[in-house]
Structure formats: structure tokens, C-alpha cells
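Student: Below are the C-alpha cells for one structure; questions will follow.
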Amino acid sequence: MKTSRIILLLFAGLSTFCSAALAQTHATSQKMAPTGDLTGVWYPSSVNTFAFIWTDSQGQRLNALPLTPWGEEKFKGNHPIGGQYTALTSNDPNFSCLPPGIPNVYTHAYPVEFLQVPGRTILFFEYEHYVRQIFTDGREHAKDANPTWMGDSIGKWEGDTLVVDSTGFNDKTWLDVAGHPHSEAMHVVERMRRADHDTLMIDITIDDPQAYTTPLKSQRKYILKPDWNIMEYICEDNRVSFNDFEKKVGTKGAPAADASAEAGSSQSIVGDWKGTIALADARSFPAVASFSATSTGTLTVTDPSAPMQYQFQKVTVSAGGTVAAITADGVNFIGKISQDGKQLSGDIILPSGTGHKISLSRP
Amino acid sequence: MNHERFSRAALAAAVFLSPIPLLAHHGASEYDMTKIVTLNATVEKLQFVNPHTMLDFTAKDETGKTVEWEGELPSPNLLSRRGWNRSTLKPGDQVTVIGAPAKNGEKGLQVKKLVFPDGHELPGTVLPPDSSK
């Protein structure tokens with residue numbers, strides 16, 4: 001397993017080098033098709049959801065996927081995390097550190113580098129250093145290919161969009177973290193394009209008549225990280241002690257202790273505050289906050305398209321001026337009051353982990 | 001049967017239709033995201049390792065007794081892009097640890113951020129903004 005992965009990486013690296021060296025030959029021997037440029041390190045946008053939001057071909061949201069009887073049988077045997085299953089008891093192949101396959105690899109919160117060499121676009125994933133080759137040299141899919149985890153991908157450029165057609169998957173991976181299955185008959189079409197210089201959009205269509213009665217569609221958004229290099233993420237590393245920790249926090253027991261901020265406060269948070277909020281999607285809006293002596297407060301964001309208000313039910317301020325507040329929906333505010341009591345800044349953290357930055361002041 | 005399938009899909013939707021948490025590897029179902037604990041920590045050990053960085057520390061409980069805690073953080077690759085390195089915390093360092101506690105009452109938490117005595121902060125399990133810089 002490990003050896004074969006190393007060989008794969010060596011092969012990918014060696015063949016990349018060779019292809020680059022032979023670029024000149026290719027360029028002169030082949031009529032060059034028009035191509036776009038997707039090269040760069042791309043990081044998943046914070047607007048992506050952990051699970052895919054699936055729609056039908058008309059873009060209508062599918063709350064329950066149209067499983068065939070075969071698909072339903074497989075789905076019953078899959079136990080995704082959440083509800084009664086934890087990382088220790090779920091049978092999600094990701095937790096066994098198995099390859100995620102396509103499109104599941106896009107649910108991992110790590111960057112991917114796109115490399116383009118003549119005849120191929122290579123996706124180099126930070127997650128487990130998986131390499132995906134998309135052949136753009138005009139070849140067809142291999143006939144009767146042995147099924148693989150990452151499939152067989154061929155692509156062609158339609159203007160600046162790379163249209164990737166993939167088949168040849170094994171049926172050991174799940175479509176998504178909700179445990180939706182797929183069969184070896186799965187056919188994936190992805191349209192990859194730059195919506196603008198810094199934004200990569202991937203439109204995904206899954207056609208798997210053995211598992212689903214109609215095709216499924218979804219989308220992923222990535223943000224360009226010009227200064228980043230792909231680093232290392234190894235799922236198996238230190239897994240033993242991590243599993244011990246999982247056992248400790250992942251088993252049922254008494255409910256968690258309540259918020260435990262220290263008593264006392266050098267500065268009171270009570271009063272009205274005014275400033276700005278920088279959302280995770282890079283938009284910024286005016287915001288006002290008001291905190292009362294009963295340890296409650298509201299934060300109102302003036303987003304013209306969708307005004308937002310967070311109502312904090314429990315607000316605590318530590319001796320050092322650290323503020324912790326929560327809403328009934330589990331939205332946290334973790335902030336700090338400046339020593340002069342005039343600045344209040346911090347993070348609004350949604351239950352998912354998405355963070356907005358707020359910066360407020362008062363006279 | 002159809003009803004069962006629907007409820008299951010609805011449950012999965014409710015749990016997962018939120019933006020990608022940084023601990024996508026195993027989600028965050030062990031932690032109570034409706035609670036926040038703020039602990040004045042004395043660092044015992046920082047394990048800057050895959051698949052998740054682990055921080056061992058002690059903190060005094062309400063009776064003044066010293067209690068051992070274990071905090072979970074994203075993998076080193078993600079943290080290092082946010083200003084961390086393996087020497088960020090050394091044994092004996094004092095730091096405020098803020099995070100979501102384990103649902104089962106064990107002394108474990110998902111670390112949201114650190115606040116150092118000089119006031120500077122380091123983010124833990126918080127998604128960075130979408131800027132390209």
C-alpha cells in the first residue's frame with residue numbers, strides 16, 4: 001500500500017519532469033488546442049459546505065437523493081458521523097485513512113495545486129498528497145480499466161473552462177460525508193473555470209444509474225493563494241494517541257461544564273458599540289452592538305441584502321478583558337476589550353468554525 | 001421505508017449543511033459548540049503533529065484544584081499558515097485557552113484561539129477569511 005503510493009508519486013514526479021522536458025517536441029508535433037490557465041494553489045472557500053448540497057439537473061435542491069433500490073441498500077449500510085456515530089464508530093472510509101475518491105476529496109479542508117503540462121493537468125492535493133492526472137492529449141478512456149480510487153480522467157478545454165470526464169472508479173468511497181454511496185458505474189463530469197483571477201469554480205455532475213435514478217449536481221468554490229506551497233497532511237501520523245483522545249471525548253458521559261470565565265472585569269462591556277464586521281467571504285459591513293447589565297447583548301450587521309442580528313444570551317468578561325458570549329444557536333463571540341475600554345474586537349465564530357472579524361469602538 | 005430514508009437524509013443535512021470545519025477529518029460532533037470555556041492555562045506539552053495538533057495543559061478549577069486538560073487543534077500545515085510553529089508554546093508557558101468543551105464532560109476541548117499575556121492572539125479552529133493574500 002505505502003510502497004505503491006510512493007511508486008505512484010515517483011512516477012507522477014518523473015513523468016511530469018519528462019513531459020516538461022518534451023514540451024517543445026509536443027508543441028511542434030501537436031496542433032495546440034486553446035487552453036485556459038488554472039495553475040496555482042487553491043484553498044476551499046469558507047462558503048463551501050462540509051456536505052455537498054445536491055441539486056437535480058434543473059438546479060432544484062434535493063433534500064433526499066433519488067436512490068435506486070441498489071443505492072438504498074448500500075446507503076443503509078453506511079454510518080456517517082453525527083447522530084449516534086462518532087469518528088470511532090462511523091464506517092466512513094475517510095476515518096480509516098483510505099483515499100476519498102472524487103468528489104469526496106473536495107470535502108477536505110486543505111488546498112490543492114493545479115499544475116499544467118502539455119497533455120495533462122495535474123491536481124496535487126495537500127490532503128495525503130494524492131495526485132490526480134487529467135489527460136488533455138485527446139485520448140479516450142481506457143477500455144475495461146481496473147477500477148481505481150481516484151478514477152480515470154480525461155479533459156478538454158472549452159474556451160477557458162476545463163471539462164473533465166471521469167470513469168473507472170471503485171465503489172469503496174462515499175460520494176459525501178452523509179454516506180451517500182456510488183457504484184463502479186459512476187460517471188463524473190466537472191467543469192473547472194476561473195470565475196475571476198482569484199476564484200476557481202468547479203461544477204460537478206454525477207451520473208450513476210446503478211445508484212441514482214437521476215443525475216446529481218453540485219458546486220465547489222476555491223480561492224487562489226499566490227504565496228502558498230502545498231504542505232504535508234498525513235492522516236495516519238500519530239493516529240494512536242489521537243485515537244486515545246477520540247475515545248476520551250467521543251464517548252457518552254455527563255454534559256459539559258458551563259462557561260467558566262474568571263470573575264471580575266477591568267472594563268465593563270455594557271453600552272453601545274459601533275464599527276465594522278469583516279465576513280468570512282471577504283465582504284465588510286457596518287455593525288452596531290449593544291450589551292446590557294443583565295449579561296445579554298445584540299450585534300446587528302447592516303448587510304443591505306440580508307440584515308443579520310446575533311442575540312447573545314450569556315456574556316462574560318474576564319479580569320483581563322477577554323469577552324465570551326454565545327447565542328441560542330451556538331454562535332460564539334470571543335473578543336477583547338482594550339485597556340482604555342474604548343475598543344472591542346474579536347471573532348464571531350459560527351458552530352461550523354467559520355469566523356467573522358468584528359472591530360467596534362465607543363467614545 | 002421512504003419516510004425513514006427521508007428523515008435520515010434530513011438529519012444528515014441538518015448536521016452537515018454548514019461550512020467546512022477545519023477538522024473536516026472527523027467533524028466536531030464531540031464538542032458542545034453552544035458552550036465556550038476560557039481557561040488560564042499552564043502549558044505542559046504541544047504536539048505539533050498530524051492528523052491533529054494536541055495541546056496538553058493544566059488549569060485551576062473553581063475550587064482551586066489543578067486539573068489536566070487536553071485541547072485539539074487543526075493539523076500543523078493549517079496552523080503554520082496562521083502564525084503557529086512547533087515552538088509556539090513551551091512547557092510552563094502561561095496562555096489563555098478559549099474553546100468548545102467535550103459534550104461528555106471530559107477535560108478535552110476544541111481550541112478556538114489562544115490569548116497571550118501581552119494580548120496578542122493566535123487562531124485555532126477558526127476558518128480564515130476568503131482573501132487571496
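The way I read the labels, and the way they are meant: chains A, B, ... in the order of the C-alpha cells, residue 1 as the first residue of every chain, and ligand 1 as the first ligand shown, with later ones counted on from there.
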When DSSP works through the backbone of this structure, what residues of stretch 10-236 of chain A end up as helix (DSSP H, G or I), shown as JSON, numbers by chain?
Tutor: {"A": [10, 11, 12, 13, 14, 15, 16, 17, 18, 19, 20, 21, 23, 24, 25, 26, 27, 28, 29, 69, 70, 71, 72, 73, 74, 75, 76, 77, 93, 94, 95, 96, 104, 105, 106, 107]}
Student: Could you jot down the atom CA of A:Gln60 to atom CA of A:Val112 separation for me, Å, one decimal place?
Tutor: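 Rounded to one decimal, the two atoms are 29.0 Å apart.
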Student: Please compute the atom CA of A:Trp70-atom CA of A:Thr49 distance, one decimal, in Å.
Tutor: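 Computing the Euclidean distance for atom CA of A:Trp70 and atom CA of A:Thr49 yields 26.9 Å.
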Student: Extract the full set of strand (DSSP E or B) residues from stretch 11-182 of chain A according to DSSP on the backbone, and format it as an MDAnalysis selection string.
Tutor: chainID A and resid 40:44 49 55 61 67 82 85 112:117 120:125 127 131:135 148 152:158 161:167 169
Student: Selection from above, C-alpha atoms, as a PDB file, in the first residue's frame, can you write it?
Tutor:
```pdb
ATOM      1  CA  GLY A  40      -1.893  27.834  -8.755  1.00  0.00           C
ATOM      2  CA  VAL A  41      -2.573  26.792  -5.178  1.00  0.00           C
ATOM      3  CA  TRP A  42      -6.303  26.913  -4.400  1.00  0.00           C
ATOM      4  CA  TYR A  43      -7.899  26.803  -0.944  1.00  0.00           C
ATOM      5  CA  PRO A  44     -11.544  25.802  -0.330  1.00  0.00           C
ATOM      6  CA  THR A  49     -20.452  23.223   2.915  1.00  0.00           C
ATOM      7  CA  THR A  55     -29.483  19.586  -6.909  1.00  0.00           C
ATOM      8  CA  ARG A  61     -32.333  21.366  -4.276  1.00  0.00           C
ATOM      9  CA  LEU A  67     -31.658   6.359  -4.712  1.00  0.00           C
ATOM     10  CA  GLY A  82     -23.123  12.642  13.539  1.00  0.00           C
ATOM     11  CA  TYR A  85     -21.915   7.688  15.242  1.00  0.00           C
ATOM     12  CA  VAL A 112      -4.951  21.719  -3.995  1.00  0.00           C
ATOM     13  CA  GLU A 113      -2.360  22.824  -6.542  1.00  0.00           C
ATOM     14  CA  PHE A 114      -3.207  22.757 -10.254  1.00  0.00           C
ATOM     15  CA  LEU A 115      -0.202  22.100 -12.470  1.00  0.00           C
ATOM     16  CA  GLN A 116      -0.488  22.223 -16.254  1.00  0.00           C
ATOM     17  CA  VAL A 117       1.999  20.490 -18.518  1.00  0.00           C
ATOM     18  CA  ARG A 120      -2.080  16.927 -18.787  1.00  0.00           C
ATOM     19  CA  THR A 121      -3.466  18.928 -15.906  1.00  0.00           C
ATOM     20  CA  ILE A 122      -2.300  17.563 -12.558  1.00  0.00           C
ATOM     21  CA  LEU A 123      -4.157  18.135  -9.301  1.00  0.00           C
ATOM     22  CA  PHE A 124      -1.760  17.835  -6.360  1.00  0.00           C
ATOM     23  CA  PHE A 125      -3.846  17.605  -3.191  1.00  0.00           C
ATOM     24  CA  TYR A 127      -4.650  16.002   1.750  1.00  0.00           C
ATOM     25  CA  VAL A 131      -2.186  13.087  -7.239  1.00  0.00           C
ATOM     26  CA  ARG A 132      -4.902  13.208  -9.857  1.00  0.00           C
ATOM     27  CA  GLN A 133      -3.947  13.247 -13.525  1.00  0.00           C
ATOM     28  CA  ILE A 134      -6.354  14.695 -16.083  1.00  0.00           C
ATOM     29  CA  PHE A 135      -5.216  13.786 -19.580  1.00  0.00           C
ATOM     30  CA  THR A 148      -9.347   2.787  -9.011  1.00  0.00           C
ATOM     31  CA  ASP A 152      -9.596   7.724 -14.934  1.00  0.00           C
ATOM     32  CA  SER A 153      -9.892  11.364 -16.006  1.00  0.00           C
ATOM     33  CA  ILE A 154      -9.721  12.920 -19.449  1.00  0.00           C
ATOM     34  CA  GLY A 155     -10.261  16.600 -20.100  1.00  0.00           C
ATOM     35  CA  LYS A 156     -10.754  19.035 -22.906  1.00  0.00           C
ATOM     36  CA  TRP A 157     -10.740  22.801 -22.958  1.00  0.00           C
ATOM     37  CA  GLU A 158     -13.884  24.673 -23.949  1.00  0.00           C
ATOM     38  CA  THR A 161     -13.147  26.001 -19.000  1.00  0.00           C
ATOM     39  CA  LEU A 162     -11.545  22.606 -18.446  1.00  0.00           C
ATOM     40  CA  VAL A 163     -14.249  19.956 -18.894  1.00  0.00           C
ATOM     41  CA  VAL A 164     -13.168  16.797 -17.073  1.00  0.00           C
ATOM     42  CA  ASP A 165     -14.800  13.446 -17.748  1.00  0.00           C
ATOM     43  CA  SER A 166     -14.046  10.674 -15.231  1.00  0.00           C
ATOM     44  CA  THR A 167     -14.952   6.998 -15.039  1.00  0.00           C
ATOM     45  CA  PHE A 169     -13.907   4.403 -10.035  1.00  0.00           C
TER      46      PHE A 169
END
```
Student: Quote the spacing between atom CA of B:Arg82 and atom CA of B:Pro51 in Å to one decimal place.
Tutor: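 Atom CA of B:Pro51 lies 16.9 Å from atom CA of B:Arg82.
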Student: Quick one: everything within 10 Å of A:Gly346, counting only C-alpha atoms, minus sequence neighbours fewer than 6 positions away in the same chain. Send it as a VMD selection string.
Tutor: (chain A and resid 277 322 to 324 333 to 337 355 to 360) or (chain B and resid 121)
Student: Excluding same-chain residues fewer than 3 positions from A:Met186, what lies within 6 Å of it counting only C-alpha atoms, as a PDB file with C-alpha atoms, in the first residue's frame?
Tutor:
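What ended up in around.pdb:
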```pdb
ATOM      1  CA  SER A 183     -21.250   2.297  -7.857  1.00  0.00           C
ATOM      2  CA  ASP A 207     -24.376  10.262 -13.263  1.00  0.00           C
ATOM      3  CA  ASP A 208     -24.640   6.837 -11.652  1.00  0.00           C
TER       4      ASP A 208
END
```
Student: Find, counting only C-alpha atoms, the residue in A:Ser268, A:Ser90, A:Thr294, A:Asn48 that gets nearest to A:Ile202.
Tutor: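 Result for the nearest residue to A:Ile202: A:Asn48.
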Student: Can you tell me, as a list in words, what residues are no more than 9 Å from stretch 83-87 of chain B when counting only C-alpha atoms, ignoring any on the same chain fewer than 5 positions away?
Tutor: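 Surrounding residues, per the criterion: Leu46, Gln47, Phe48, Val49, Pro76, Leu78, Leu122 and Pro123 of chain B.
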Student: Just to be explicit: take each residue in the selection above, keep N, CA and C atoms, and write the result as an mmCIF file, in the first residue's frame.
Tutor:
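Result file follows (result_19.cif):
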```cif
data_model
loop_
_atom_site.group_PDB
_atom_site.id
_atom_site.type_symbol
_atom_site.label_atom_id
_atom_site.label_comp_id
_atom_site.auth_asym_id
_atom_site.auth_seq_id
_atom_site.Cartn_x
_atom_site.Cartn_y
_atom_site.Cartn_z
ATOM 1 N N LEU B 46 3.061 20.740 23.748
ATOM 2 C CA LEU B 46 2.413 20.966 22.454
ATOM 3 C C LEU B 46 2.907 19.883 21.503
ATOM 4 N N GLN B 47 1.980 19.056 21.004
ATOM 5 C CA GLN B 47 2.340 18.058 19.993
ATOM 6 C C GLN B 47 1.885 18.598 18.646
ATOM 7 N N PHE B 48 2.863 19.121 17.880
ATOM 8 C CA PHE B 48 2.558 19.757 16.598
ATOM 9 C C PHE B 48 2.580 18.672 15.515
ATOM 10 N N VAL B 49 1.540 17.853 15.476
ATOM 11 C CA VAL B 49 1.561 16.634 14.650
ATOM 12 C C VAL B 49 0.244 16.430 13.902
ATOM 13 N N PRO B 76 -0.780 20.655 11.591
ATOM 14 C CA PRO B 76 0.304 21.645 11.542
ATOM 15 C C PRO B 76 0.332 22.472 10.254
ATOM 16 N N LEU B 78 -2.134 23.569 8.444
ATOM 17 C CA LEU B 78 -3.113 24.660 8.522
ATOM 18 C C LEU B 78 -2.694 25.696 9.566
ATOM 19 N N LEU B 122 -3.581 33.950 18.756
ATOM 20 C CA LEU B 122 -3.396 33.039 17.625
ATOM 21 C C LEU B 122 -4.696 32.271 17.421
ATOM 22 N N PRO B 123 -5.180 32.207 16.168
ATOM 23 C CA PRO B 123 -6.413 31.466 15.925
ATOM 24 C C PRO B 123 -6.170 29.960 15.941
#
```
